[in-house]
$ cat protein_38.pdb   # PDB, C-alpha atoms, pLDDT in the B column
MODEL        1
ATOM      1  CA  MET A   1     -60.519  -8.758  45.950  1.00 56.00           C
ATOM      2  CA  GLY A   2     -62.501  -6.271  43.840  1.00 56.00           C
ATOM      3  CA  ASN A   3     -64.391  -7.051  40.632  1.00 54.00           C
ATOM      4  CA  ALA A   4     -61.563  -5.752  38.423  1.00 48.00           C
ATOM      5  CA  GLU A   5     -59.002  -7.955  40.212  1.00 51.00           C
ATOM      6  CA  LYS A   6     -61.297 -10.986  39.914  1.00 53.00           C
ATOM      7  CA  CYS A   7     -61.714 -10.309  36.198  1.00 53.00           C
ATOM      8  CA  VAL A   8     -57.935 -10.073  35.647  1.00 52.00           C
ATOM      9  CA  SER A   9     -57.302 -13.205  37.725  1.00 60.00           C
ATOM     10  CA  SER A  10     -60.000 -15.083  35.856  1.00 66.00           C
ATOM     11  CA  ASN A  11     -58.630 -13.934  32.496  1.00 73.00           C
ATOM     12  CA  ILE A  12     -55.091 -15.031  33.428  1.00 75.00           C
ATOM     13  CA  TYR A  13     -56.387 -18.388  34.616  1.00 71.00           C
ATOM     14  CA  GLU A  14     -58.389 -18.941  31.414  1.00 76.00           C
ATOM     15  CA  ARG A  15     -55.389 -18.058  29.250  1.00 76.00           C
ATOM     16  CA  TRP A  16     -53.189 -20.389  31.312  1.00 67.00           C
ATOM     17  CA  LYS A  17     -55.705 -23.258  30.904  1.00 70.00           C
ATOM     18  CA  GLU A  18     -55.848 -22.645  27.160  1.00 73.00           C
ATOM     19  CA  TYR A  19     -52.057 -22.571  26.901  1.00 70.00           C
ATOM     20  CA  THR A  20     -51.428 -25.684  28.996  1.00 65.00           C
ATOM     21  CA  SER A  21     -54.026 -27.675  27.070  1.00 66.00           C
ATOM     22  CA  ARG A  22     -51.792 -27.245  24.006  1.00 69.00           C
ATOM     23  CA  CYS A  23     -48.582 -28.183  25.829  1.00 63.00           C
ATOM     24  CA  THR A  24     -47.062 -31.616  25.825  1.00 59.00           C
ATOM     25  CA  ILE A  25     -45.432 -32.776  29.000  1.00 53.00           C
ATOM     26  CA  LEU A  26     -42.058 -34.245  28.168  1.00 52.00           C
ATOM     27  CA  LEU A  27     -40.904 -37.151  30.252  1.00 55.00           C
ATOM     28  CA  MET A  28     -37.410 -38.567  30.194  1.00 62.00           C
ATOM     29  CA  ARG A  29     -37.211 -41.655  28.076  1.00 71.00           C
ATOM     30  CA  PRO A  30     -36.105 -44.704  30.010  1.00 79.00           C
ATOM     31  CA  TYR A  31     -32.607 -45.868  29.184  1.00 86.00           C
ATOM     32  CA  THR A  32     -32.301 -48.916  26.978  1.00 89.00           C
ATOM     33  CA  HIS A  33     -29.718 -51.577  27.624  1.00 93.00           C
ATOM     34  CA  PRO A  34     -28.899 -54.356  25.172  1.00 94.00           C
ATOM     35  CA  PRO A  35     -29.168 -57.941  26.351  1.00 94.00           C
ATOM     36  CA  ALA A  36     -25.821 -59.677  26.807  1.00 94.00           C
ATOM     37  CA  SER A  37     -26.475 -61.800  23.723  1.00 94.00           C
ATOM     38  CA  ASP A  38     -26.451 -58.610  21.618  1.00 95.00           C
ATOM     39  CA  PHE A  39     -23.094 -57.290  22.861  1.00 96.00           C
ATOM     40  CA  LEU A  40     -20.636 -56.780  20.006  1.00 96.00           C
ATOM     41  CA  LEU A  41     -16.916 -57.066  20.656  1.00 97.00           C
ATOM     42  CA  GLU A  42     -16.247 -54.083  18.403  1.00 97.00           C
ATOM     43  CA  ARG A  43     -18.579 -51.854  20.436  1.00 97.00           C
ATOM     44  CA  VAL A  44     -17.141 -52.975  23.753  1.00 97.00           C
ATOM     45  CA  LEU A  45     -13.573 -52.369  22.578  1.00 97.00           C
ATOM     46  CA  TYR A  46     -14.540 -49.010  21.068  1.00 98.00           C
ATOM     47  CA  ALA A  47     -16.173 -47.956  24.339  1.00 97.00           C
ATOM     48  CA  LEU A  48     -13.053 -48.935  26.266  1.00 96.00           C
ATOM     49  CA  SER A  49     -10.677 -47.235  23.801  1.00 96.00           C
ATOM     50  CA  ASP A  50     -11.428 -43.778  25.212  1.00 96.00           C
ATOM     51  CA  PRO A  51      -9.443 -42.930  28.382  1.00 95.00           C
ATOM     52  CA  ILE A  52     -12.418 -41.190  30.002  1.00 95.00           C
ATOM     53  CA  ARG A  53     -14.761 -44.128  29.411  1.00 96.00           C
ATOM     54  CA  LEU A  54     -12.103 -46.602  30.517  1.00 96.00           C
ATOM     55  CA  GLY A  55     -11.658 -44.516  33.675  1.00 95.00           C
ATOM     56  CA  ILE A  56     -15.409 -44.643  34.319  1.00 96.00           C
ATOM     57  CA  VAL A  57     -15.395 -48.430  33.920  1.00 97.00           C
ATOM     58  CA  ARG A  58     -12.365 -48.727  36.237  1.00 96.00           C
ATOM     59  CA  HIS A  59     -14.088 -46.555  38.828  1.00 96.00           C
ATOM     60  CA  LEU A  60     -17.281 -48.637  38.702  1.00 97.00           C
ATOM     61  CA  ALA A  61     -15.272 -51.875  38.886  1.00 96.00           C
ATOM     62  CA  GLN A  62     -13.330 -50.713  41.940  1.00 95.00           C
ATOM     63  CA  ARG A  63     -15.957 -48.760  43.860  1.00 95.00           C
ATOM     64  CA  GLY A  64     -19.329 -50.050  42.669  1.00 96.00           C
ATOM     65  CA  PRO A  65     -22.392 -48.049  41.592  1.00 96.00           C
ATOM     66  CA  ALA A  66     -21.936 -44.294  41.186  1.00 94.00           C
ATOM     67  CA  THR A  67     -23.920 -41.288  40.045  1.00 92.00           C
ATOM     68  CA  CYS A  68     -23.052 -39.368  36.890  1.00 89.00           C
ATOM     69  CA  GLY A  69     -22.021 -36.457  39.090  1.00 88.00           C
ATOM     70  CA  GLU A  70     -19.451 -38.606  40.888  1.00 91.00           C
ATOM     71  CA  LEU A  71     -17.929 -39.571  37.559  1.00 90.00           C
ATOM     72  CA  ASP A  72     -18.053 -36.320  35.586  1.00 86.00           C
ATOM     73  CA  GLY A  73     -14.575 -35.118  36.572  1.00 86.00           C
ATOM     74  CA  GLY A  74     -15.680 -31.515  36.040  1.00 89.00           C
ATOM     75  CA  ARG A  75     -16.434 -32.151  32.381  1.00 91.00           C
ATOM     76  CA  PRO A  76     -19.424 -30.573  30.577  1.00 90.00           C
ATOM     77  CA  LYS A  77     -22.697 -32.443  31.011  1.00 88.00           C
ATOM     78  CA  SER A  78     -23.041 -33.002  27.248  1.00 89.00           C
ATOM     79  CA  THR A  79     -19.626 -34.692  27.107  1.00 91.00           C
ATOM     80  CA  VAL A  80     -20.385 -36.929  30.075  1.00 92.00           C
ATOM     81  CA  SER A  81     -23.804 -37.826  28.622  1.00 92.00           C
ATOM     82  CA  HIS A  82     -22.141 -38.889  25.376  1.00 95.00           C
ATOM     83  CA  HIS A  83     -19.645 -41.119  27.202  1.00 96.00           C
ATOM     84  CA  PHE A  84     -22.392 -42.818  29.211  1.00 95.00           C
ATOM     85  CA  LYS A  85     -24.447 -43.346  26.055  1.00 95.00           C
ATOM     86  CA  VAL A  86     -21.505 -45.137  24.393  1.00 97.00           C
ATOM     87  CA  LEU A  87     -20.961 -47.256  27.523  1.00 97.00           C
ATOM     88  CA  ARG A  88     -24.676 -48.147  27.740  1.00 96.00           C
ATOM     89  CA  GLU A  89     -24.976 -49.011  24.049  1.00 96.00           C
ATOM     90  CA  SER A  90     -21.931 -51.270  24.245  1.00 96.00           C
ATOM     91  CA  GLY A  91     -23.472 -53.082  27.217  1.00 97.00           C
ATOM     92  CA  LEU A  92     -20.762 -52.191  29.715  1.00 97.00           C
ATOM     93  CA  VAL A  93     -22.869 -49.953  31.946  1.00 97.00           C
ATOM     94  CA  ARG A  94     -26.449 -49.935  33.195  1.00 97.00           C
ATOM     95  CA  THR A  95     -27.966 -46.561  34.109  1.00 95.00           C
ATOM     96  CA  GLU A  96     -31.053 -46.415  36.304  1.00 92.00           C
ATOM     97  CA  SER A  97     -32.942 -43.248  37.169  1.00 88.00           C
ATOM     98  CA  ASN A  98     -33.858 -42.489  40.747  1.00 84.00           C
ATOM     99  CA  GLY A  99     -35.707 -39.176  40.526  1.00 83.00           C
ATOM    100  CA  THR A 100     -33.233 -36.739  39.019  1.00 84.00           C
ATOM    101  CA  THR A 101     -30.253 -38.910  39.938  1.00 88.00           C
ATOM    102  CA  HIS A 102     -28.794 -41.477  37.557  1.00 90.00           C
ATOM    103  CA  ILE A 103     -27.071 -44.472  39.139  1.00 94.00           C
ATOM    104  CA  ASN A 104     -24.528 -46.299  36.970  1.00 96.00           C
ATOM    105  CA  THR A 105     -23.395 -49.856  37.508  1.00 97.00           C
ATOM    106  CA  LEU A 106     -20.891 -51.990  35.646  1.00 97.00           C
ATOM    107  CA  ARG A 107     -22.521 -54.974  33.936  1.00 97.00           C
ATOM    108  CA  ARG A 108     -19.570 -57.183  34.829  1.00 97.00           C
ATOM    109  CA  GLY A 109     -21.563 -60.418  34.919  1.00 96.00           C
ATOM    110  CA  ASP A 110     -23.156 -59.819  31.519  1.00 97.00           C
ATOM    111  CA  VAL A 111     -19.826 -58.885  29.911  1.00 97.00           C
ATOM    112  CA  GLU A 112     -18.153 -61.913  31.487  1.00 96.00           C
ATOM    113  CA  MET A 113     -20.909 -64.193  30.203  1.00 96.00           C
ATOM    114  CA  ARG A 114     -20.548 -62.855  26.638  1.00 97.00           C
ATOM    115  CA  PHE A 115     -16.755 -62.362  26.547  1.00 97.00           C
ATOM    116  CA  PRO A 116     -15.154 -64.490  29.286  1.00 97.00           C
ATOM    117  CA  GLY A 117     -12.023 -62.918  30.751  1.00 97.00           C
ATOM    118  CA  LEU A 118     -12.101 -59.781  28.564  1.00 96.00           C
ATOM    119  CA  LEU A 119     -13.027 -57.236  31.198  1.00 95.00           C
ATOM    120  CA  ALA A 120     -10.718 -58.768  33.814  1.00 95.00           C
ATOM    121  CA  ALA A 121      -7.794 -58.664  31.358  1.00 96.00           C
ATOM    122  CA  ILE A 122      -8.438 -55.022  30.478  1.00 94.00           C
ATOM    123  CA  LEU A 123      -8.921 -53.920  34.068  1.00 93.00           C
ATOM    124  CA  ALA A 124      -5.754 -55.750  35.154  1.00 94.00           C
ATOM    125  CA  GLN A 125      -3.681 -53.405  32.984  1.00 90.00           C
ATOM    126  CA  PRO A 126      -2.172 -50.432  34.805  1.00 87.00           C
ATOM    127  CA  GLY A 127      -3.846 -47.129  34.111  1.00 74.00           C
ATOM    128  CA  THR A 128      -4.853 -43.811  35.559  1.00 62.00           C
ATOM    129  CA  ASP A 129      -8.278 -43.051  36.975  1.00 55.00           C
ATOM    130  CA  SER A 130      -9.483 -40.847  34.099  1.00 54.00           C
ATOM    131  CA  ALA A 131     -13.063 -40.944  35.331  1.00 53.00           C
ATOM    132  CA  THR A 132     -12.442 -38.286  37.930  1.00 49.00           C
ATOM    133  CA  ALA A 133      -9.128 -36.827  36.774  1.00 44.00           C
TER
ENDMDL
END

$ encode --input "protein_38.pdb" --output "structure tokens"
Amino acid sequence: MGNAEKCVSSNIYERWKEYTSRCTILLMRPYTHPPASDFLLERVLYALSDPIRLGIVRHLAQRGPATCGELDGGRPKSTVSHHFKVLRESGLVRTESNGTTHINTLRRGDVEMRFPGLLAAILAQPGTDSATA
């Protein structure tokens, strides 16, 4: 490498260092999940009133933990993110990150503890699998 190339490389490196020192690295915020004692019946029923969210809950109840990709049904990511946010905030679903993958599980035990028999009664009703339809 000649002197001119070294000078250009050095200049690029210095500019990059200056730029990155002003950058903030954004990390994904961890998901928050309410304790079972904070579950509100209105939020749980609201979350289950949407056919897509009810389908997601049915899927998790029947098949166990699943990734967001398994449950998106070809819907836009923003729509799916909204549905999972509503389910998490109601307490129905727990989402854990594993790298870039998000694993969702139904909080059946917590819901049963707070509202005995509610989830079983809702899931016993016939319905379509809207989670993947």

$ residues_near_point --input "protein_38.pdb" --point "(-28.9, -38.8, 45.6)" --cutoff "8 Å" --atoms "only C-alpha atoms" --output "JSON, numbers by chain"
{"A": [67, 98, 101]}

$ write_last_selection --input "protein_38.pdb" --atoms "C-alpha atoms" --output "mmCIF file, in the frame of the given file"
data_model
loop_
_atom_site.group_PDB
_atom_site.id
_atom_site.type_symbol
_atom_site.label_atom_id
_atom_site.label_comp_id
_atom_site.auth_asym_id
_atom_site.auth_seq_id
_atom_site.Cartn_x
_atom_site.Cartn_y
_atom_site.Cartn_z
ATOM 1 C CA THR A 67 -23.920 -41.288 40.045
ATOM 2 C CA ASN A 98 -33.858 -42.489 40.747
ATOM 3 C CA THR A 101 -30.253 -38.910 39.938
#

$ atom_distance --input "protein_38.pdb" --atom1 "atom CA of Arg88 of chain A" --atom2 "atom CA of Asn104 of chain A"
9.4 Å

$ atom_distance --input "protein_38.pdb" --atom1 "atom CA of Asp72 of chain A" --atom2 "atom CA of Gly127 of chain A"
17.9 Å

$ atom_distance --input "protein_38.pdb" --atom1 "atom CA of Tyr31 of chain A" --atom2 "atom CA of Arg94 of chain A"
8.4 Å

$ closest_residue --input "protein_38.pdb" --among "A:Asp50, A:Glu70, A:Asp38, A:Glu18" --to "Ile103 of chain A" --atoms "all atoms listed in the file"
A:Glu70

$ residues_around --input "protein_38.pdb" --residues "Ser81 of chain A" --least-positions-apart "5" --cutoff "10 Å" --atoms "only C-alpha atoms" --output "PyMOL selection string"
chain A and resi 68+72+76+86-87

$ resolve_selection --input "protein_38.pdb" --expression "the PyMOL selection byres ((chain A and resi 84) around 12)" --output "count of residues only"
42
